[in-house]
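Participant: Next comes the structure file final-v7.txt, holding compact mmCIF, N, CA and C atoms.
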```txt
# COMPACT_ATOMS: atom_id res chain seq x y z
N MET Y 1 -1.66 44.35 58.05
CA MET Y 1 -2.48 45.54 58.07
C MET Y 1 -1.78 46.68 57.34
N LEU Y 2 -2.55 47.69 57.01
CA LEU Y 2 -2.01 48.83 56.27
C LEU Y 2 -1.18 49.76 57.14
N GLY Y 3 -1.42 49.78 58.43
CA GLY Y 3 -0.66 50.65 59.31
C GLY Y 3 -1.11 52.10 59.26
N ILE Y 4 -2.38 52.32 58.95
CA ILE Y 4 -2.92 53.67 58.92
C ILE Y 4 -3.04 54.16 60.36
N PRO Y 5 -2.57 55.36 60.66
CA PRO Y 5 -2.67 55.87 62.03
C PRO Y 5 -4.13 55.94 62.51
N ARG Y 6 -4.33 55.66 63.78
CA ARG Y 6 -5.67 55.62 64.36
C ARG Y 6 -6.43 56.93 64.20
N ARG Y 7 -5.72 58.05 64.14
CA ARG Y 7 -6.41 59.34 64.02
C ARG Y 7 -7.16 59.47 62.70
N TYR Y 8 -6.88 58.60 61.74
CA TYR Y 8 -7.59 58.59 60.47
C TYR Y 8 -8.68 57.52 60.42
N SER Y 9 -8.99 56.93 61.55
CA SER Y 9 -9.99 55.84 61.57
C SER Y 9 -11.36 56.32 61.09
N HIS Y 10 -11.68 57.60 61.32
CA HIS Y 10 -12.96 58.13 60.84
C HIS Y 10 -13.04 58.02 59.31
N PHE Y 11 -11.96 58.32 58.63
CA PHE Y 11 -11.96 58.25 57.17
C PHE Y 11 -12.03 56.80 56.68
N VAL Y 12 -11.30 55.92 57.34
CA VAL Y 12 -11.34 54.50 56.98
C VAL Y 12 -12.74 53.95 57.18
N PHE Y 13 -13.36 54.28 58.32
CA PHE Y 13 -14.73 53.85 58.59
C PHE Y 13 -15.66 54.36 57.51
N SER Y 14 -15.53 55.62 57.13
CA SER Y 14 -16.41 56.22 56.13
C SER Y 14 -16.28 55.54 54.77
N VAL Y 15 -15.07 55.24 54.38
CA VAL Y 15 -14.85 54.58 53.09
C VAL Y 15 -15.47 53.18 53.09
N ILE Y 16 -15.24 52.42 54.15
CA ILE Y 16 -15.78 51.07 54.23
C ILE Y 16 -17.31 51.09 54.33
N GLN Y 17 -17.84 51.93 55.20
CA GLN Y 17 -19.28 51.97 55.42
C GLN Y 17 -20.01 52.43 54.16
N SER Y 18 -19.54 53.48 53.53
CA SER Y 18 -20.22 53.98 52.33
C SER Y 18 -20.09 52.98 51.18
N GLY Y 19 -18.95 52.34 51.05
CA GLY Y 19 -18.76 51.35 49.99
C GLY Y 19 -19.67 50.15 50.15
N LEU Y 20 -19.78 49.65 51.37
CA LEU Y 20 -20.65 48.50 51.62
C LEU Y 20 -22.12 48.85 51.44
N THR Y 21 -22.53 49.99 51.98
CA THR Y 21 -23.93 50.41 51.85
C THR Y 21 -24.30 50.62 50.39
N CYS Y 22 -23.45 51.27 49.64
CA CYS Y 22 -23.74 51.52 48.23
C CYS Y 22 -23.72 50.23 47.41
N ALA Y 23 -22.86 49.30 47.77
CA ALA Y 23 -22.82 48.02 47.06
C ALA Y 23 -24.13 47.27 47.23
N ILE Y 24 -24.65 47.24 48.44
CA ILE Y 24 -25.91 46.54 48.70
C ILE Y 24 -27.08 47.26 48.02
N ALA Y 25 -27.14 48.58 48.19
CA ALA Y 25 -28.25 49.34 47.59
C ALA Y 25 -28.24 49.26 46.07
N SER Y 26 -27.07 49.34 45.46
CA SER Y 26 -27.02 49.28 44.00
C SER Y 26 -27.32 47.87 43.49
N ALA Y 27 -26.99 46.85 44.27
CA ALA Y 27 -27.35 45.48 43.87
C ALA Y 27 -28.87 45.32 43.87
N VAL Y 28 -29.52 45.86 44.88
CA VAL Y 28 -30.99 45.79 44.93
C VAL Y 28 -31.59 46.57 43.76
N ALA Y 29 -31.05 47.76 43.48
CA ALA Y 29 -31.56 48.57 42.38
C ALA Y 29 -31.27 47.93 41.02
N SER Y 30 -30.23 47.12 40.92
CA SER Y 30 -29.86 46.48 39.66
C SER Y 30 -30.55 45.15 39.45
N TYR Y 31 -31.33 44.71 40.40
CA TYR Y 31 -31.99 43.40 40.31
C TYR Y 31 -32.74 43.19 38.99
N PRO Y 32 -33.48 44.18 38.47
CA PRO Y 32 -34.17 43.96 37.18
C PRO Y 32 -33.22 43.62 36.03
N ALA Y 33 -31.96 43.97 36.14
CA ALA Y 33 -31.00 43.68 35.08
C ALA Y 33 -30.60 42.21 35.04
N LEU Y 34 -31.02 41.42 36.01
CA LEU Y 34 -30.72 39.99 35.99
C LEU Y 34 -31.30 39.32 34.74
N ALA Y 35 -32.46 39.76 34.32
CA ALA Y 35 -33.13 39.15 33.17
C ALA Y 35 -32.40 39.45 31.86
N THR Y 36 -31.62 40.50 31.79
CA THR Y 36 -30.94 40.88 30.55
C THR Y 36 -29.47 40.47 30.53
N GLN Y 37 -29.02 39.73 31.49
CA GLN Y 37 -27.61 39.30 31.58
C GLN Y 37 -26.65 40.47 31.71
N GLN Y 38 -27.13 41.62 32.15
CA GLN Y 38 -26.29 42.80 32.31
C GLN Y 38 -26.15 43.19 33.77
N PHE Y 39 -26.45 42.29 34.67
CA PHE Y 39 -26.47 42.62 36.09
C PHE Y 39 -25.13 43.16 36.58
N VAL Y 40 -24.04 42.47 36.30
CA VAL Y 40 -22.73 42.86 36.83
C VAL Y 40 -22.32 44.23 36.31
N ALA Y 41 -22.48 44.47 35.02
CA ALA Y 41 -22.10 45.77 34.45
C ALA Y 41 -22.98 46.88 35.02
N HIS Y 42 -24.27 46.62 35.10
CA HIS Y 42 -25.21 47.62 35.63
C HIS Y 42 -24.92 47.89 37.10
N TRP Y 43 -24.70 46.81 37.87
CA TRP Y 43 -24.43 46.95 39.30
C TRP Y 43 -23.13 47.72 39.54
N LEU Y 44 -22.09 47.39 38.80
CA LEU Y 44 -20.79 48.04 39.01
C LEU Y 44 -20.86 49.53 38.71
N LEU Y 45 -21.52 49.91 37.62
CA LEU Y 45 -21.65 51.33 37.31
C LEU Y 45 -22.49 52.04 38.36
N ALA Y 46 -23.60 51.42 38.76
CA ALA Y 46 -24.46 52.02 39.78
C ALA Y 46 -23.71 52.15 41.10
N TRP Y 47 -22.90 51.16 41.45
CA TRP Y 47 -22.13 51.20 42.69
C TRP Y 47 -21.10 52.33 42.67
N LEU Y 48 -20.39 52.46 41.58
CA LEU Y 48 -19.36 53.50 41.49
C LEU Y 48 -19.97 54.90 41.58
N VAL Y 49 -21.08 55.11 40.89
CA VAL Y 49 -21.73 56.42 40.92
C VAL Y 49 -22.27 56.72 42.32
N SER Y 50 -22.94 55.74 42.92
CA SER Y 50 -23.52 55.97 44.24
C SER Y 50 -22.44 56.13 45.31
N TRP Y 51 -21.34 55.41 45.19
CA TRP Y 51 -20.25 55.54 46.17
C TRP Y 51 -19.61 56.92 46.07
N ALA Y 52 -19.40 57.39 44.84
CA ALA Y 52 -18.82 58.72 44.67
C ALA Y 52 -19.73 59.80 45.25
N ALA Y 53 -21.03 59.57 45.19
CA ALA Y 53 -21.97 60.55 45.75
C ALA Y 53 -22.07 60.44 47.27
N MET Y 54 -22.00 59.24 47.82
CA MET Y 54 -22.24 59.03 49.25
C MET Y 54 -21.00 59.21 50.12
N LEU Y 55 -19.83 59.01 49.59
CA LEU Y 55 -18.63 59.11 50.43
C LEU Y 55 -18.49 60.48 51.09
N PRO Y 56 -18.66 61.59 50.38
CA PRO Y 56 -18.57 62.88 51.07
C PRO Y 56 -19.68 63.07 52.11
N VAL Y 57 -20.86 62.55 51.82
CA VAL Y 57 -21.97 62.66 52.78
C VAL Y 57 -21.63 61.92 54.06
N VAL Y 58 -21.12 60.71 53.93
CA VAL Y 58 -20.77 59.92 55.12
C VAL Y 58 -19.63 60.57 55.88
N LEU Y 59 -18.64 61.08 55.17
CA LEU Y 59 -17.52 61.75 55.84
C LEU Y 59 -17.98 62.93 56.68
N LEU Y 60 -18.96 63.66 56.17
CA LEU Y 60 -19.45 64.82 56.90
C LEU Y 60 -20.49 64.45 57.96
N ALA Y 61 -21.30 63.44 57.71
CA ALA Y 61 -22.39 63.11 58.62
C ALA Y 61 -21.97 62.22 59.79
N ALA Y 62 -20.98 61.38 59.62
CA ALA Y 62 -20.60 60.42 60.66
C ALA Y 62 -20.27 61.09 62.00
N PRO Y 63 -19.47 62.15 62.06
CA PRO Y 63 -19.19 62.77 63.36
C PRO Y 63 -20.46 63.32 64.02
N MET Y 64 -21.34 63.89 63.22
CA MET Y 64 -22.58 64.42 63.76
C MET Y 64 -23.48 63.30 64.30
N ILE Y 65 -23.57 62.22 63.54
CA ILE Y 65 -24.37 61.07 63.98
C ILE Y 65 -23.79 60.47 65.25
N ARG Y 66 -22.48 60.39 65.32
CA ARG Y 66 -21.83 59.84 66.53
C ARG Y 66 -22.14 60.71 67.74
N SER Y 67 -22.06 62.02 67.60
CA SER Y 67 -22.34 62.88 68.76
C SER Y 67 -23.81 62.79 69.17
N VAL Y 68 -24.72 62.69 68.22
CA VAL Y 68 -26.14 62.52 68.55
C VAL Y 68 -26.37 61.20 69.28
N SER Y 69 -25.73 60.13 68.77
CA SER Y 69 -25.93 58.82 69.41
C SER Y 69 -25.34 58.80 70.82
N LEU Y 70 -24.25 59.52 71.04
CA LEU Y 70 -23.68 59.59 72.38
C LEU Y 70 -24.59 60.37 73.33
N ARG Y 71 -25.28 61.38 72.81
CA ARG Y 71 -26.21 62.15 73.64
C ARG Y 71 -27.46 61.34 73.97
N LEU Y 72 -27.85 60.45 73.07
CA LEU Y 72 -29.06 59.66 73.28
C LEU Y 72 -28.85 58.41 74.14
N THR Y 73 -27.60 58.10 74.41
CA THR Y 73 -27.31 56.88 75.19
C THR Y 73 -26.56 57.25 76.46
N ARG Y 74 -26.43 56.27 77.33
CA ARG Y 74 -25.68 56.48 78.57
C ARG Y 74 -24.77 55.30 78.81
N GLU Y 75 -23.84 55.47 79.72
CA GLU Y 75 -22.85 54.42 80.04
C GLU Y 75 -23.51 53.28 80.77
```
Translate the structure described by the file into structure tokens.

Facilitator:
Amino acid sequence: MLGIPRRYSHFVFSVIQSGLTCAIASAVASYPALATQQFVAHWLLAWLVSWAAMLPVVLLAAPMIRSVSLRLTRE
């Protein structure tokens, strides 16, 4: 393991979650490029752009979403 301190788990979660979500969404958006043999190049560029845009959003939204979900649920 990397040995990242637990207090940074929010950032690790955000990087993984935003990367995975953007990878799936950009693959779906790049589907038409399968016919032109440019799928991988199109997908990779779309993924990098979308990840750069979504990472700050996830970093800021995750704590708020967590607090809302805790208010909506019970033990």

Participant: Which residue gives the smallest distance to Ala25 (chain Y) among Y:Ile4, Y:Leu72, Y:Ala46, Y:Ala62, with only C-alpha atoms counted?

Facilitator: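 Among Y:Ile4, Y:Leu72, Y:Ala46, Y:Ala62, it is Y:Ala46 that comes nearest to Ala25 (chain Y).
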
Participant: Can you list, as a PDB file with N, CA and C atoms, in the coordinates of the input, all residues belonging to region 23-69 of chain Y that DSSP tags as alpha helix (DSSP H)?

Facilitator:
```
ATOM      1  N   ALA Y  23     -22.860  49.300  47.770  1.00  0.00           N
ATOM      2  CA  ALA Y  23     -22.820  48.020  47.060  1.00  0.00           C
ATOM      3  C   ALA Y  23     -24.130  47.270  47.230  1.00  0.00           C
ATOM      4  N   ILE Y  24     -24.650  47.240  48.440  1.00  0.00           N
ATOM      5  CA  ILE Y  24     -25.910  46.540  48.700  1.00  0.00           C
ATOM      6  C   ILE Y  24     -27.080  47.260  48.020  1.00  0.00           C
ATOM      7  N   ALA Y  25     -27.140  48.580  48.190  1.00  0.00           N
ATOM      8  CA  ALA Y  25     -28.250  49.340  47.590  1.00  0.00           C
ATOM      9  C   ALA Y  25     -28.240  49.260  46.070  1.00  0.00           C
ATOM     10  N   SER Y  26     -27.070  49.340  45.460  1.00  0.00           N
ATOM     11  CA  SER Y  26     -27.020  49.280  44.000  1.00  0.00           C
ATOM     12  C   SER Y  26     -27.320  47.870  43.490  1.00  0.00           C
ATOM     13  N   ALA Y  27     -26.990  46.850  44.270  1.00  0.00           N
ATOM     14  CA  ALA Y  27     -27.350  45.480  43.870  1.00  0.00           C
ATOM     15  C   ALA Y  27     -28.870  45.320  43.870  1.00  0.00           C
ATOM     16  N   VAL Y  28     -29.520  45.860  44.880  1.00  0.00           N
ATOM     17  CA  VAL Y  28     -30.990  45.790  44.930  1.00  0.00           C
ATOM     18  C   VAL Y  28     -31.590  46.570  43.760  1.00  0.00           C
ATOM     19  N   ALA Y  29     -31.050  47.760  43.480  1.00  0.00           N
ATOM     20  CA  ALA Y  29     -31.560  48.570  42.380  1.00  0.00           C
ATOM     21  C   ALA Y  29     -31.270  47.930  41.020  1.00  0.00           C
ATOM     22  N   PHE Y  39     -26.450  42.290  34.670  1.00  0.00           N
ATOM     23  CA  PHE Y  39     -26.470  42.620  36.090  1.00  0.00           C
ATOM     24  C   PHE Y  39     -25.130  43.160  36.580  1.00  0.00           C
ATOM     25  N   VAL Y  40     -24.040  42.470  36.300  1.00  0.00           N
ATOM     26  CA  VAL Y  40     -22.730  42.860  36.830  1.00  0.00           C
ATOM     27  C   VAL Y  40     -22.320  44.230  36.310  1.00  0.00           C
ATOM     28  N   ALA Y  41     -22.480  44.470  35.020  1.00  0.00           N
ATOM     29  CA  ALA Y  41     -22.100  45.770  34.450  1.00  0.00           C
ATOM     30  C   ALA Y  41     -22.980  46.880  35.020  1.00  0.00           C
ATOM     31  N   HIS Y  42     -24.270  46.620  35.100  1.00  0.00           N
ATOM     32  CA  HIS Y  42     -25.210  47.620  35.630  1.00  0.00           C
ATOM     33  C   HIS Y  42     -24.920  47.890  37.100  1.00  0.00           C
ATOM     34  N   TRP Y  43     -24.700  46.810  37.870  1.00  0.00           N
ATOM     35  CA  TRP Y  43     -24.430  46.950  39.300  1.00  0.00           C
ATOM     36  C   TRP Y  43     -23.130  47.720  39.540  1.00  0.00           C
ATOM     37  N   LEU Y  44     -22.090  47.390  38.800  1.00  0.00           N
ATOM     38  CA  LEU Y  44     -20.790  48.040  39.010  1.00  0.00           C
ATOM     39  C   LEU Y  44     -20.860  49.530  38.710  1.00  0.00           C
ATOM     40  N   LEU Y  45     -21.520  49.910  37.620  1.00  0.00           N
ATOM     41  CA  LEU Y  45     -21.650  51.330  37.310  1.00  0.00           C
ATOM     42  C   LEU Y  45     -22.490  52.040  38.360  1.00  0.00           C
ATOM     43  N   ALA Y  46     -23.600  51.420  38.760  1.00  0.00           N
ATOM     44  CA  ALA Y  46     -24.460  52.020  39.780  1.00  0.00           C
ATOM     45  C   ALA Y  46     -23.710  52.150  41.100  1.00  0.00           C
ATOM     46  N   TRP Y  47     -22.900  51.160  41.450  1.00  0.00           N
ATOM     47  CA  TRP Y  47     -22.130  51.200  42.690  1.00  0.00           C
ATOM     48  C   TRP Y  47     -21.100  52.330  42.670  1.00  0.00           C
ATOM     49  N   LEU Y  48     -20.390  52.460  41.580  1.00  0.00           N
ATOM     50  CA  LEU Y  48     -19.360  53.500  41.490  1.00  0.00           C
ATOM     51  C   LEU Y  48     -19.970  54.900  41.580  1.00  0.00           C
ATOM     52  N   VAL Y  49     -21.080  55.110  40.890  1.00  0.00           N
ATOM     53  CA  VAL Y  49     -21.730  56.420  40.920  1.00  0.00           C
ATOM     54  C   VAL Y  49     -22.270  56.720  42.320  1.00  0.00           C
ATOM     55  N   SER Y  50     -22.940  55.740  42.920  1.00  0.00           N
ATOM     56  CA  SER Y  50     -23.520  55.970  44.240  1.00  0.00           C
ATOM     57  C   SER Y  50     -22.440  56.130  45.310  1.00  0.00           C
ATOM     58  N   TRP Y  51     -21.340  55.410  45.190  1.00  0.00           N
ATOM     59  CA  TRP Y  51     -20.250  55.540  46.170  1.00  0.00           C
ATOM     60  C   TRP Y  51     -19.610  56.920  46.070  1.00  0.00           C
ATOM     61  N   ALA Y  52     -19.400  57.390  44.840  1.00  0.00           N
ATOM     62  CA  ALA Y  52     -18.820  58.720  44.670  1.00  0.00           C
ATOM     63  C   ALA Y  52     -19.730  59.800  45.250  1.00  0.00           C
ATOM     64  N   ALA Y  53     -21.030  59.570  45.190  1.00  0.00           N
ATOM     65  CA  ALA Y  53     -21.970  60.550  45.750  1.00  0.00           C
ATOM     66  C   ALA Y  53     -22.070  60.440  47.270  1.00  0.00           C
ATOM     67  N   MET Y  54     -22.000  59.240  47.820  1.00  0.00           N
ATOM     68  CA  MET Y  54     -22.240  59.030  49.250  1.00  0.00           C
ATOM     69  C   MET Y  54     -21.000  59.210  50.120  1.00  0.00           C
ATOM     70  N   LEU Y  55     -19.830  59.010  49.590  1.00  0.00           N
ATOM     71  CA  LEU Y  55     -18.630  59.110  50.430  1.00  0.00           C
ATOM     72  C   LEU Y  55     -18.490  60.480  51.090  1.00  0.00           C
ATOM     73  N   PRO Y  56     -18.660  61.590  50.380  1.00  0.00           N
ATOM     74  CA  PRO Y  56     -18.570  62.880  51.070  1.00  0.00           C
ATOM     75  C   PRO Y  56     -19.680  63.070  52.110  1.00  0.00           C
ATOM     76  N   VAL Y  57     -20.860  62.550  51.820  1.00  0.00           N
ATOM     77  CA  VAL Y  57     -21.970  62.660  52.780  1.00  0.00           C
ATOM     78  C   VAL Y  57     -21.630  61.920  54.060  1.00  0.00           C
ATOM     79  N   VAL Y  58     -21.120  60.710  53.930  1.00  0.00           N
ATOM     80  CA  VAL Y  58     -20.770  59.920  55.120  1.00  0.00           C
ATOM     81  C   VAL Y  58     -19.630  60.570  55.880  1.00  0.00           C
ATOM     82  N   LEU Y  59     -18.640  61.080  55.170  1.00  0.00           N
ATOM     83  CA  LEU Y  59     -17.520  61.750  55.840  1.00  0.00           C
ATOM     84  C   LEU Y  59     -17.980  62.930  56.680  1.00  0.00           C
ATOM     85  N   LEU Y  60     -18.960  63.660  56.170  1.00  0.00           N
ATOM     86  CA  LEU Y  60     -19.450  64.820  56.900  1.00  0.00           C
ATOM     87  C   LEU Y  60     -20.490  64.450  57.960  1.00  0.00           C
ATOM     88  N   ALA Y  61     -21.300  63.440  57.710  1.00  0.00           N
ATOM     89  CA  ALA Y  61     -22.390  63.110  58.620  1.00  0.00           C
ATOM     90  C   ALA Y  61     -21.970  62.220  59.790  1.00  0.00           C
ATOM     91  N   ALA Y  62     -20.980  61.380  59.620  1.00  0.00           N
ATOM     92  CA  ALA Y  62     -20.600  60.420  60.660  1.00  0.00           C
ATOM     93  C   ALA Y  62     -20.270  61.090  62.000  1.00  0.00           C
ATOM     94  N   PRO Y  63     -19.470  62.150  62.060  1.00  0.00           N
ATOM     95  CA  PRO Y  63     -19.190  62.770  63.360  1.00  0.00           C
ATOM     96  C   PRO Y  63     -20.460  63.320  64.020  1.00  0.00           C
ATOM     97  N   MET Y  64     -21.340  63.890  63.220  1.00  0.00           N
ATOM     98  CA  MET Y  64     -22.580  64.420  63.760  1.00  0.00           C
ATOM     99  C   MET Y  64     -23.480  63.300  64.300  1.00  0.00           C
ATOM    100  N   ILE Y  65     -23.570  62.220  63.540  1.00  0.00           N
ATOM    101  CA  ILE Y  65     -24.370  61.070  63.980  1.00  0.00           C
ATOM    102  C   ILE Y  65     -23.790  60.470  65.250  1.00  0.00           C
ATOM    103  N   ARG Y  66     -22.480  60.390  65.320  1.00  0.00           N
ATOM    104  CA  ARG Y  66     -21.830  59.840  66.530  1.00  0.00           C
ATOM    105  C   ARG Y  66     -22.140  60.710  67.740  1.00  0.00           C
ATOM    106  N   SER Y  67     -22.060  62.020  67.600  1.00  0.00           N
ATOM    107  CA  SER Y  67     -22.340  62.880  68.760  1.00  0.00           C
ATOM    108  C   SER Y  67     -23.810  62.790  69.170  1.00  0.00           C
ATOM    109  N   VAL Y  68     -24.720  62.690  68.220  1.00  0.00           N
ATOM    110  CA  VAL Y  68     -26.140  62.520  68.550  1.00  0.00           C
ATOM    111  C   VAL Y  68     -26.370  61.200  69.280  1.00  0.00           C
ATOM    112  N   SER Y  69     -25.730  60.130  68.770  1.00  0.00           N
ATOM    113  CA  SER Y  69     -25.930  58.820  69.410  1.00  0.00           C
ATOM    114  C   SER Y  69     -25.340  58.800  70.820  1.00  0.00           C
TER     115      SER Y  69
END
```

Participant: Would you mind telling me which residue in Y:Ala35, Y:Val28, Y:Leu59, Y:Met64 lies nearest to Phe11 (chain Y) when using only N, CA and C atoms?

Facilitator: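 Using only N, CA and C atoms, Phe11 (chain Y) sits closest to Y:Leu59.
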
Participant: If I take atom N of Gln38 (chain Y) and CA of Cys22 (chain Y), how far is one from the other in Å, to one decimal?

Facilitator: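 Rounded to one decimal, the two atoms are 19.2 Å apart.
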
Participant: Enter the distance from CA of Pro56 (chain Y) to CA of His10 (chain Y), in Å, rounded to one decimal.

Facilitator: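 Between CA of Pro56 (chain Y) and CA of His10 (chain Y) the gap works out to 12.2 Å.
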
Participant: Could you tell me how far atom C of Gln17 (chain Y) lies from atom C of Val58 (chain Y), in Å and to one decimal?

Facilitator: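 Computed distance, atom C of Gln17 (chain Y) to atom C of Val58 (chain Y), equals 8.3 Å.
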
Participant: Using only C-alpha atoms, which of the listed residues (Y:Ala41, Y:Leu55, Y:Leu2, Y:Val49) sits closest to Val15 (chain Y)?

Facilitator: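 Of Y:Ala41, Y:Leu55, Y:Leu2, Y:Val49, the one nearest Val15 (chain Y), counting only C-alpha atoms, is Y:Leu55.
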
Participant: Hey, can you pull every residue with an atom no more than 10 Å from (-24.6, 45.8, 41.8), using only C-alpha atoms, and send it as JSON, numbers by chain?

Facilitator: {"Y": [22, 23, 24, 25, 26, 27, 28, 29, 30, 31, 33, 39, 40, 41, 42, 43, 44, 45, 46, 47, 48]}

Participant: Just to be explicit: take each residue in the selection above, keep N, CA and C atoms, and write the result as a CSV table (one decimal), in the coordinates of the input.

Facilitator:
```csv
chain,number,residue,atom,x,y,z
Y,22,CYS,N,-23.4,51.3,49.6
Y,22,CYS,CA,-23.7,51.5,48.2
Y,22,CYS,C,-23.7,50.2,47.4
Y,23,ALA,N,-22.9,49.3,47.8
Y,23,ALA,CA,-22.8,48.0,47.1
Y,23,ALA,C,-24.1,47.3,47.2
Y,24,ILE,N,-24.6,47.2,48.4
Y,24,ILE,CA,-25.9,46.5,48.7
Y,24,ILE,C,-27.1,47.3,48.0
Y,25,ALA,N,-27.1,48.6,48.2
Y,25,ALA,CA,-28.2,49.3,47.6
Y,25,ALA,C,-28.2,49.3,46.1
Y,26,SER,N,-27.1,49.3,45.5
Y,26,SER,CA,-27.0,49.3,44.0
Y,26,SER,C,-27.3,47.9,43.5
Y,27,ALA,N,-27.0,46.8,44.3
Y,27,ALA,CA,-27.4,45.5,43.9
Y,27,ALA,C,-28.9,45.3,43.9
Y,28,VAL,N,-29.5,45.9,44.9
Y,28,VAL,CA,-31.0,45.8,44.9
Y,28,VAL,C,-31.6,46.6,43.8
Y,29,ALA,N,-31.0,47.8,43.5
Y,29,ALA,CA,-31.6,48.6,42.4
Y,29,ALA,C,-31.3,47.9,41.0
Y,30,SER,N,-30.2,47.1,40.9
Y,30,SER,CA,-29.9,46.5,39.7
Y,30,SER,C,-30.6,45.2,39.4
Y,31,TYR,N,-31.3,44.7,40.4
Y,31,TYR,CA,-32.0,43.4,40.3
Y,31,TYR,C,-32.7,43.2,39.0
Y,33,ALA,N,-32.0,44.0,36.1
Y,33,ALA,CA,-31.0,43.7,35.1
Y,33,ALA,C,-30.6,42.2,35.0
Y,39,PHE,N,-26.4,42.3,34.7
Y,39,PHE,CA,-26.5,42.6,36.1
Y,39,PHE,C,-25.1,43.2,36.6
Y,40,VAL,N,-24.0,42.5,36.3
Y,40,VAL,CA,-22.7,42.9,36.8
Y,40,VAL,C,-22.3,44.2,36.3
Y,41,ALA,N,-22.5,44.5,35.0
Y,41,ALA,CA,-22.1,45.8,34.4
Y,41,ALA,C,-23.0,46.9,35.0
Y,42,HIS,N,-24.3,46.6,35.1
Y,42,HIS,CA,-25.2,47.6,35.6
Y,42,HIS,C,-24.9,47.9,37.1
Y,43,TRP,N,-24.7,46.8,37.9
Y,43,TRP,CA,-24.4,47.0,39.3
Y,43,TRP,C,-23.1,47.7,39.5
Y,44,LEU,N,-22.1,47.4,38.8
Y,44,LEU,CA,-20.8,48.0,39.0
Y,44,LEU,C,-20.9,49.5,38.7
Y,45,LEU,N,-21.5,49.9,37.6
Y,45,LEU,CA,-21.6,51.3,37.3
Y,45,LEU,C,-22.5,52.0,38.4
Y,46,ALA,N,-23.6,51.4,38.8
Y,46,ALA,CA,-24.5,52.0,39.8
Y,46,ALA,C,-23.7,52.2,41.1
Y,47,TRP,N,-22.9,51.2,41.4
Y,47,TRP,CA,-22.1,51.2,42.7
Y,47,TRP,C,-21.1,52.3,42.7
Y,48,LEU,N,-20.4,52.5,41.6
Y,48,LEU,CA,-19.4,53.5,41.5
Y,48,LEU,C,-20.0,54.9,41.6
```

Participant: Which residue out of Y:Ser69, Y:Leu34, Y:Arg74, Y:Gly19 has the minimum interatomic distance to Ser50 (chain Y) when only C-alpha atoms are used?

Facilitator: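 Counting only C-alpha atoms, the residue closest to Ser50 (chain Y) is Y:Gly19.
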
Participant: Find the residue from Y:Trp51, Y:Ile65, Y:Leu70, Y:Glu75 that sits nearest to Ile16 (chain Y); use only C-alpha atoms when measuring.

Facilitator: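 Result for the nearest residue to Ile16 (chain Y): Y:Trp51.
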